[in-house]
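File shown here: work_11.txt, holding compact mmCIF, N, CA and C atoms.
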```
# COMPACT_ATOMS: atom_id res chain seq x y z
N MET A 1 0.84 -1.18 0.00
CA MET A 1 0.00 0.00 0.00
C MET A 1 0.89 1.24 0.00
N LEU A 2 0.50 2.24 -0.80
CA LEU A 2 1.31 3.44 -0.94
C LEU A 2 0.87 4.49 0.08
N ASP A 3 1.86 5.09 0.75
CA ASP A 3 1.60 6.16 1.71
C ASP A 3 1.53 7.47 0.94
N GLU A 4 0.47 8.26 1.18
CA GLU A 4 0.27 9.50 0.44
C GLU A 4 1.21 10.62 0.89
N ASP A 5 1.68 10.58 2.14
CA ASP A 5 2.50 11.67 2.66
C ASP A 5 3.99 11.47 2.45
N HIS A 6 4.43 10.24 2.36
CA HIS A 6 5.87 9.97 2.25
C HIS A 6 6.14 9.11 1.02
N PRO A 7 7.17 9.46 0.26
CA PRO A 7 7.47 8.66 -0.93
C PRO A 7 7.99 7.28 -0.55
N PRO A 8 7.76 6.29 -1.39
CA PRO A 8 8.29 4.96 -1.11
C PRO A 8 9.81 4.97 -1.29
N PRO A 9 10.52 3.96 -0.76
CA PRO A 9 11.98 3.92 -0.90
C PRO A 9 12.41 3.96 -2.38
N LYS A 10 11.65 3.28 -3.22
CA LYS A 10 11.91 3.33 -4.66
C LYS A 10 10.63 3.81 -5.32
N TRP A 11 10.72 4.96 -5.98
CA TRP A 11 9.53 5.54 -6.57
C TRP A 11 8.98 4.64 -7.67
N CYS A 12 7.66 4.56 -7.73
CA CYS A 12 7.00 3.80 -8.79
C CYS A 12 6.07 4.74 -9.55
N GLY A 13 5.75 4.36 -10.76
CA GLY A 13 4.92 5.21 -11.61
C GLY A 13 3.55 5.46 -11.03
N ASP A 14 2.98 4.46 -10.35
CA ASP A 14 1.65 4.61 -9.77
C ASP A 14 1.63 5.70 -8.69
N TRP A 15 2.63 5.68 -7.81
CA TRP A 15 2.70 6.67 -6.73
C TRP A 15 2.90 8.07 -7.30
N VAL A 16 3.82 8.20 -8.24
CA VAL A 16 4.11 9.51 -8.81
C VAL A 16 2.89 10.06 -9.56
N SER A 17 2.23 9.23 -10.35
CA SER A 17 1.09 9.72 -11.13
C SER A 17 -0.07 10.13 -10.22
N ARG A 18 -0.31 9.36 -9.15
CA ARG A 18 -1.40 9.74 -8.23
C ARG A 18 -1.10 11.05 -7.53
N ARG A 19 0.14 11.21 -7.06
CA ARG A 19 0.51 12.46 -6.39
C ARG A 19 0.43 13.63 -7.36
N TRP A 20 0.89 13.45 -8.60
CA TRP A 20 0.90 14.53 -9.58
C TRP A 20 -0.53 14.97 -9.91
N VAL A 21 -1.42 14.01 -10.14
CA VAL A 21 -2.82 14.35 -10.47
C VAL A 21 -3.48 15.04 -9.28
N ASP A 22 -3.21 14.55 -8.06
CA ASP A 22 -3.76 15.19 -6.86
C ASP A 22 -3.33 16.64 -6.76
N ARG A 23 -2.09 16.91 -7.01
CA ARG A 23 -1.56 18.27 -6.87
C ARG A 23 -2.08 19.17 -7.98
N LEU A 24 -2.27 18.64 -9.17
CA LEU A 24 -2.84 19.46 -10.24
C LEU A 24 -4.28 19.86 -9.90
N LYS A 25 -5.02 18.96 -9.26
CA LYS A 25 -6.37 19.31 -8.82
C LYS A 25 -6.32 20.42 -7.78
N THR A 26 -5.34 20.36 -6.86
CA THR A 26 -5.18 21.40 -5.85
C THR A 26 -4.85 22.74 -6.50
N LEU A 27 -3.95 22.74 -7.47
CA LEU A 27 -3.59 23.97 -8.16
C LEU A 27 -4.77 24.56 -8.92
N ARG A 28 -5.62 23.69 -9.47
CA ARG A 28 -6.79 24.17 -10.20
C ARG A 28 -7.77 24.90 -9.26
N LEU A 29 -7.82 24.49 -8.00
CA LEU A 29 -8.71 25.13 -7.03
C LEU A 29 -8.14 26.44 -6.50
N SER A 30 -6.85 26.66 -6.68
CA SER A 30 -6.21 27.86 -6.16
C SER A 30 -6.63 29.09 -6.96
N PRO A 31 -6.84 30.21 -6.28
CA PRO A 31 -7.25 31.43 -6.98
C PRO A 31 -6.05 32.12 -7.63
N LEU A 32 -5.60 31.62 -8.77
CA LEU A 32 -4.41 32.15 -9.43
C LEU A 32 -4.74 33.03 -10.63
N LYS A 33 -6.01 33.26 -10.92
CA LYS A 33 -6.39 33.98 -12.12
C LYS A 33 -6.42 35.48 -11.87
N GLY A 34 -6.09 36.23 -12.90
CA GLY A 34 -6.26 37.68 -12.86
C GLY A 34 -5.15 38.41 -12.14
N MET A 35 -5.42 39.65 -11.85
CA MET A 35 -4.47 40.54 -11.19
C MET A 35 -4.51 40.34 -9.68
N PRO A 36 -3.48 40.84 -8.98
CA PRO A 36 -3.54 40.81 -7.52
C PRO A 36 -4.77 41.56 -7.01
N SER A 37 -5.29 41.16 -5.87
CA SER A 37 -6.55 41.72 -5.39
C SER A 37 -6.47 43.22 -5.10
N GLY A 38 -5.29 43.76 -4.91
CA GLY A 38 -5.16 45.19 -4.65
C GLY A 38 -5.50 46.04 -5.86
N PHE A 39 -5.48 45.47 -7.05
CA PHE A 39 -5.71 46.22 -8.27
C PHE A 39 -7.08 45.96 -8.89
N LYS A 40 -7.90 45.15 -8.26
CA LYS A 40 -9.22 44.82 -8.83
C LYS A 40 -10.19 45.97 -8.64
N ASN A 41 -11.13 46.04 -9.52
CA ASN A 41 -12.18 47.03 -9.45
C ASN A 41 -13.30 46.49 -8.56
N ALA A 42 -13.86 47.33 -7.72
CA ALA A 42 -14.90 46.89 -6.79
C ALA A 42 -16.27 46.79 -7.46
N TRP A 43 -16.44 47.38 -8.62
CA TRP A 43 -17.73 47.37 -9.28
C TRP A 43 -17.97 46.04 -9.97
N PRO A 44 -19.22 45.61 -10.05
CA PRO A 44 -19.51 44.36 -10.77
C PRO A 44 -19.22 44.53 -12.26
N PRO A 45 -18.94 43.44 -12.97
CA PRO A 45 -18.58 43.56 -14.38
C PRO A 45 -19.74 43.98 -15.28
N TYR A 46 -20.96 43.94 -14.79
CA TYR A 46 -22.12 44.31 -15.61
C TYR A 46 -23.24 44.80 -14.70
N LEU A 47 -24.17 45.50 -15.29
CA LEU A 47 -25.33 46.01 -14.57
C LEU A 47 -26.57 45.31 -15.12
N VAL A 48 -27.34 44.68 -14.23
CA VAL A 48 -28.56 43.99 -14.65
C VAL A 48 -29.75 44.87 -14.33
N GLU A 49 -30.48 45.23 -15.34
CA GLU A 49 -31.67 46.07 -15.17
C GLU A 49 -32.91 45.18 -15.07
N TRP A 50 -34.02 45.78 -14.65
CA TRP A 50 -35.27 45.05 -14.48
C TRP A 50 -35.71 44.40 -15.79
N GLU A 51 -35.56 45.12 -16.91
CA GLU A 51 -35.96 44.59 -18.21
C GLU A 51 -35.11 43.36 -18.58
N ASP A 52 -33.84 43.38 -18.19
CA ASP A 52 -32.96 42.23 -18.45
C ASP A 52 -33.44 41.00 -17.68
N LEU A 53 -33.84 41.21 -16.42
CA LEU A 53 -34.34 40.09 -15.62
C LEU A 53 -35.63 39.52 -16.20
N LEU A 54 -36.51 40.38 -16.66
CA LEU A 54 -37.76 39.90 -17.26
C LEU A 54 -37.48 39.12 -18.54
N ALA A 55 -36.55 39.61 -19.36
CA ALA A 55 -36.20 38.90 -20.60
C ALA A 55 -35.56 37.56 -20.30
N GLN A 56 -34.70 37.51 -19.28
CA GLN A 56 -34.09 36.23 -18.90
C GLN A 56 -35.14 35.25 -18.41
N GLN A 57 -36.12 35.75 -17.66
CA GLN A 57 -37.17 34.86 -17.14
C GLN A 57 -38.01 34.32 -18.29
N GLU A 58 -38.31 35.14 -19.28
CA GLU A 58 -39.09 34.69 -20.43
C GLU A 58 -38.36 33.60 -21.21
N GLN A 59 -37.05 33.71 -21.28
CA GLN A 59 -36.26 32.73 -22.03
C GLN A 59 -35.87 31.53 -21.19
N GLY A 60 -36.19 31.55 -19.90
CA GLY A 60 -35.84 30.43 -19.02
C GLY A 60 -34.40 30.44 -18.57
N GLU A 61 -33.72 31.56 -18.69
CA GLU A 61 -32.31 31.66 -18.33
C GLU A 61 -32.09 32.26 -16.95
N LEU A 62 -33.13 32.77 -16.31
CA LEU A 62 -32.96 33.46 -15.04
C LEU A 62 -32.42 32.52 -13.96
N GLU A 63 -32.96 31.31 -13.87
CA GLU A 63 -32.51 30.37 -12.84
C GLU A 63 -31.05 29.99 -13.06
N ALA A 64 -30.65 29.78 -14.30
CA ALA A 64 -29.25 29.43 -14.59
C ALA A 64 -28.31 30.58 -14.21
N THR A 65 -28.73 31.80 -14.50
CA THR A 65 -27.92 32.97 -14.15
C THR A 65 -27.79 33.10 -12.64
N GLN A 66 -28.89 32.90 -11.92
CA GLN A 66 -28.84 33.00 -10.46
C GLN A 66 -27.99 31.90 -9.85
N ARG A 67 -28.06 30.68 -10.41
CA ARG A 67 -27.21 29.59 -9.91
C ARG A 67 -25.74 29.94 -10.10
N GLU A 68 -25.39 30.49 -11.24
CA GLU A 68 -24.00 30.86 -11.52
C GLU A 68 -23.53 31.98 -10.59
N GLN A 69 -24.38 32.94 -10.29
CA GLN A 69 -24.00 34.04 -9.40
C GLN A 69 -23.85 33.58 -7.96
N ASN A 70 -24.58 32.56 -7.56
CA ASN A 70 -24.53 32.08 -6.18
C ASN A 70 -23.54 30.93 -5.97
N ARG A 71 -22.80 30.60 -6.99
CA ARG A 71 -21.86 29.47 -6.90
C ARG A 71 -20.70 29.84 -5.97
N ALA A 72 -20.39 28.94 -5.05
CA ALA A 72 -19.27 29.14 -4.13
C ALA A 72 -18.08 28.33 -4.63
N ARG A 73 -16.92 28.93 -4.61
CA ARG A 73 -15.71 28.24 -5.04
C ARG A 73 -14.95 27.74 -3.82
N LEU A 74 -14.67 26.46 -3.79
CA LEU A 74 -13.96 25.86 -2.67
C LEU A 74 -12.47 26.16 -2.79
N GLN A 75 -11.86 26.50 -1.67
CA GLN A 75 -10.43 26.78 -1.62
C GLN A 75 -9.71 25.54 -1.09
N PRO A 76 -8.50 25.26 -1.59
CA PRO A 76 -7.75 24.12 -1.06
C PRO A 76 -7.28 24.42 0.37
N SER A 77 -7.10 23.36 1.15
CA SER A 77 -6.64 23.53 2.53
C SER A 77 -5.13 23.79 2.54
N LEU A 78 -4.63 24.21 3.69
CA LEU A 78 -3.20 24.46 3.84
C LEU A 78 -2.40 23.18 3.60
N ARG A 79 -2.92 22.07 4.07
CA ARG A 79 -2.23 20.79 3.88
C ARG A 79 -2.15 20.45 2.39
N ASP A 80 -3.23 20.66 1.65
CA ASP A 80 -3.23 20.38 0.22
C ASP A 80 -2.22 21.26 -0.52
N VAL A 81 -2.16 22.54 -0.16
CA VAL A 81 -1.22 23.45 -0.82
C VAL A 81 0.22 23.06 -0.50
N THR A 82 0.48 22.69 0.75
CA THR A 82 1.83 22.28 1.16
C THR A 82 2.26 21.04 0.40
N ARG A 83 1.37 20.07 0.27
CA ARG A 83 1.69 18.84 -0.46
C ARG A 83 1.88 19.13 -1.94
N ALA A 84 1.09 20.05 -2.50
CA ALA A 84 1.24 20.41 -3.91
C ALA A 84 2.60 21.08 -4.15
N GLU A 85 3.02 21.94 -3.25
CA GLU A 85 4.33 22.57 -3.39
C GLU A 85 5.45 21.55 -3.30
N ALA A 86 5.30 20.55 -2.44
CA ALA A 86 6.33 19.51 -2.30
C ALA A 86 6.45 18.71 -3.60
N VAL A 87 5.34 18.44 -4.26
CA VAL A 87 5.39 17.67 -5.49
C VAL A 87 6.04 18.50 -6.60
N VAL A 88 5.70 19.77 -6.67
CA VAL A 88 6.26 20.62 -7.72
C VAL A 88 7.77 20.79 -7.52
N CYS A 89 8.20 20.93 -6.26
CA CYS A 89 9.64 21.09 -5.99
C CYS A 89 10.36 19.78 -6.23
```

Could you spell out this file's structure in structure tokens?
Amino acid sequence: MLDEDHPPPKWCGDWVSRRWVDRLKTLRLSPLKGMPSGFKNAWPPYLVEWEDLLAQQEQGELEATQREQNRARLQPSLRDVTRAEAVVC
């Protein structure tokens, strides 16, 4: 059985590939997109007017838009980030 925290005495392809895929998933969850938060604009990227909401409701898109706006993005834990850095190094 392979230990996830410590490499085996002789590395095998299975252990390396599992660790690599795990760390890529962690990196994908990390908020690395865009500019540093100090330079972001506080205004929303668009303004939704009442007529826009009515048109979205008529087309059946209002629920999908609301689901997308209310989506929460999960952040990786400190342990996951530390393990991802160890794999990259």

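Residues in contact with region 67-73 of chain A at 10 Å, where only C-alpha atoms are counted and same-chain residues fewer than 6 positions away are skipped, are listed as Leu29, Ser30 and Pro31 of chain A.
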
Nearest to Glu85 (chain A) among A:Glu51, A:Glu61, A:Arg23, A:Gln66, with distances taken over only N, CA and C atoms: which residue is it?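 Of the candidates, the smallest distance to Glu85 (chain A) is held by A:Arg23.
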
Go through A:Ala64, A:Val21, A:Cys12, A:Leu27 and flag the residue nearest Val81 (chain A), using only C-alpha atoms for the distances.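 When distances to Val81 (chain A) are compared using only C-alpha atoms, the smallest one comes from A:Leu27.
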
Computed interatomic separation between CA of Gln75 (chain A) and CA of His6 (chain A) (Å): 23.7 Å

With N, CA, C and O atoms as the goal, would you fill in the gaps in region 57-74 of chain A and present it as a PDB file, in the frame of the given file?
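File written: part.pdb
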```pdb
ATOM      1  N   GLN A  57     -36.120  35.750 -17.660  1.00  0.00           N
ATOM      2  CA  GLN A  57     -37.170  34.860 -17.140  1.00  0.00           C
ATOM      3  C   GLN A  57     -38.010  34.320 -18.290  1.00  0.00           C
ATOM      4  O   GLN A  57     -38.380  33.139 -18.289  1.00  0.00           O
ATOM      5  N   GLU A  58     -38.310  35.140 -19.280  1.00  0.00           N
ATOM      6  CA  GLU A  58     -39.090  34.690 -20.430  1.00  0.00           C
ATOM      7  C   GLU A  58     -38.360  33.600 -21.210  1.00  0.00           C
ATOM      8  O   GLU A  58     -38.971  32.679 -21.729  1.00  0.00           O
ATOM      9  N   GLN A  59     -37.050  33.710 -21.280  1.00  0.00           N
ATOM     10  CA  GLN A  59     -36.260  32.730 -22.030  1.00  0.00           C
ATOM     11  C   GLN A  59     -35.870  31.530 -21.190  1.00  0.00           C
ATOM     12  O   GLN A  59     -35.258  30.593 -21.697  1.00  0.00           O
ATOM     13  N   GLY A  60     -36.190  31.550 -19.900  1.00  0.00           N
ATOM     14  CA  GLY A  60     -35.840  30.430 -19.020  1.00  0.00           C
ATOM     15  C   GLY A  60     -34.400  30.440 -18.570  1.00  0.00           C
ATOM     16  O   GLY A  60     -33.885  29.427 -18.105  1.00  0.00           O
ATOM     17  N   GLU A  61     -33.720  31.560 -18.690  1.00  0.00           N
ATOM     18  CA  GLU A  61     -32.310  31.660 -18.330  1.00  0.00           C
ATOM     19  C   GLU A  61     -32.090  32.260 -16.950  1.00  0.00           C
ATOM     20  O   GLU A  61     -30.962  32.266 -16.463  1.00  0.00           O
ATOM     21  N   LEU A  62     -33.130  32.770 -16.310  1.00  0.00           N
ATOM     22  CA  LEU A  62     -32.960  33.460 -15.040  1.00  0.00           C
ATOM     23  C   LEU A  62     -32.420  32.520 -13.960  1.00  0.00           C
ATOM     24  O   LEU A  62     -31.496  32.885 -13.219  1.00  0.00           O
ATOM     25  N   GLU A  63     -32.960  31.310 -13.870  1.00  0.00           N
ATOM     26  CA  GLU A  63     -32.510  30.370 -12.840  1.00  0.00           C
ATOM     27  C   GLU A  63     -31.050  29.990 -13.060  1.00  0.00           C
ATOM     28  O   GLU A  63     -30.281  29.885 -12.103  1.00  0.00           O
ATOM     29  N   ALA A  64     -30.650  29.780 -14.300  1.00  0.00           N
ATOM     30  CA  ALA A  64     -29.250  29.430 -14.590  1.00  0.00           C
ATOM     31  C   ALA A  64     -28.310  30.580 -14.210  1.00  0.00           C
ATOM     32  O   ALA A  64     -27.236  30.354 -13.654  1.00  0.00           O
ATOM     33  N   THR A  65     -28.730  31.800 -14.500  1.00  0.00           N
ATOM     34  CA  THR A  65     -27.920  32.970 -14.150  1.00  0.00           C
ATOM     35  C   THR A  65     -27.790  33.100 -12.640  1.00  0.00           C
ATOM     36  O   THR A  65     -26.699  33.358 -12.118  1.00  0.00           O
ATOM     37  N   GLN A  66     -28.890  32.900 -11.920  1.00  0.00           N
ATOM     38  CA  GLN A  66     -28.840  33.000 -10.460  1.00  0.00           C
ATOM     39  C   GLN A  66     -27.990  31.900  -9.850  1.00  0.00           C
ATOM     40  O   GLN A  66     -27.263  32.131  -8.892  1.00  0.00           O
ATOM     41  N   ARG A  67     -28.060  30.680 -10.410  1.00  0.00           N
ATOM     42  CA  ARG A  67     -27.210  29.590  -9.910  1.00  0.00           C
ATOM     43  C   ARG A  67     -25.740  29.940 -10.100  1.00  0.00           C
ATOM     44  O   ARG A  67     -24.917  29.702  -9.222  1.00  0.00           O
ATOM     45  N   GLU A  68     -25.390  30.490 -11.240  1.00  0.00           N
ATOM     46  CA  GLU A  68     -24.000  30.860 -11.520  1.00  0.00           C
ATOM     47  C   GLU A  68     -23.530  31.980 -10.590  1.00  0.00           C
ATOM     48  O   GLU A  68     -22.399  31.952 -10.116  1.00  0.00           O
ATOM     49  N   GLN A  69     -24.380  32.940 -10.290  1.00  0.00           N
ATOM     50  CA  GLN A  69     -24.000  34.040  -9.400  1.00  0.00           C
ATOM     51  C   GLN A  69     -23.850  33.580  -7.960  1.00  0.00           C
ATOM     52  O   GLN A  69     -23.052  34.146  -7.206  1.00  0.00           O
ATOM     53  N   ASN A  70     -24.580  32.560  -7.560  1.00  0.00           N
ATOM     54  CA  ASN A  70     -24.530  32.080  -6.180  1.00  0.00           C
ATOM     55  C   ASN A  70     -23.540  30.930  -5.970  1.00  0.00           C
ATOM     56  O   ASN A  70     -23.473  30.380  -4.876  1.00  0.00           O
ATOM     57  N   ARG A  71     -22.800  30.600  -6.990  1.00  0.00           N
ATOM     58  CA  ARG A  71     -21.860  29.470  -6.900  1.00  0.00           C
ATOM     59  C   ARG A  71     -20.700  29.840  -5.970  1.00  0.00           C
ATOM     60  O   ARG A  71     -20.115  30.903  -6.070  1.00  0.00           O
ATOM     61  N   ALA A  72     -20.390  28.940  -5.050  1.00  0.00           N
ATOM     62  CA  ALA A  72     -19.270  29.140  -4.130  1.00  0.00           C
ATOM     63  C   ALA A  72     -18.080  28.330  -4.630  1.00  0.00           C
ATOM     64  O   ALA A  72     -18.226  27.174  -5.040  1.00  0.00           O
ATOM     65  N   ARG A  73     -16.920  28.930  -4.610  1.00  0.00           N
ATOM     66  CA  ARG A  73     -15.710  28.240  -5.040  1.00  0.00           C
ATOM     67  C   ARG A  73     -14.950  27.740  -3.820  1.00  0.00           C
ATOM     68  O   ARG A  73     -14.636  28.515  -2.918  1.00  0.00           O
ATOM     69  N   LEU A  74     -14.670  26.460  -3.790  1.00  0.00           N
ATOM     70  CA  LEU A  74     -13.960  25.860  -2.670  1.00  0.00           C
ATOM     71  C   LEU A  74     -12.470  26.160  -2.790  1.00  0.00           C
ATOM     72  O   LEU A  74     -11.888  26.076  -3.863  1.00  0.00           O
TER      73      LEU A  74
END
```
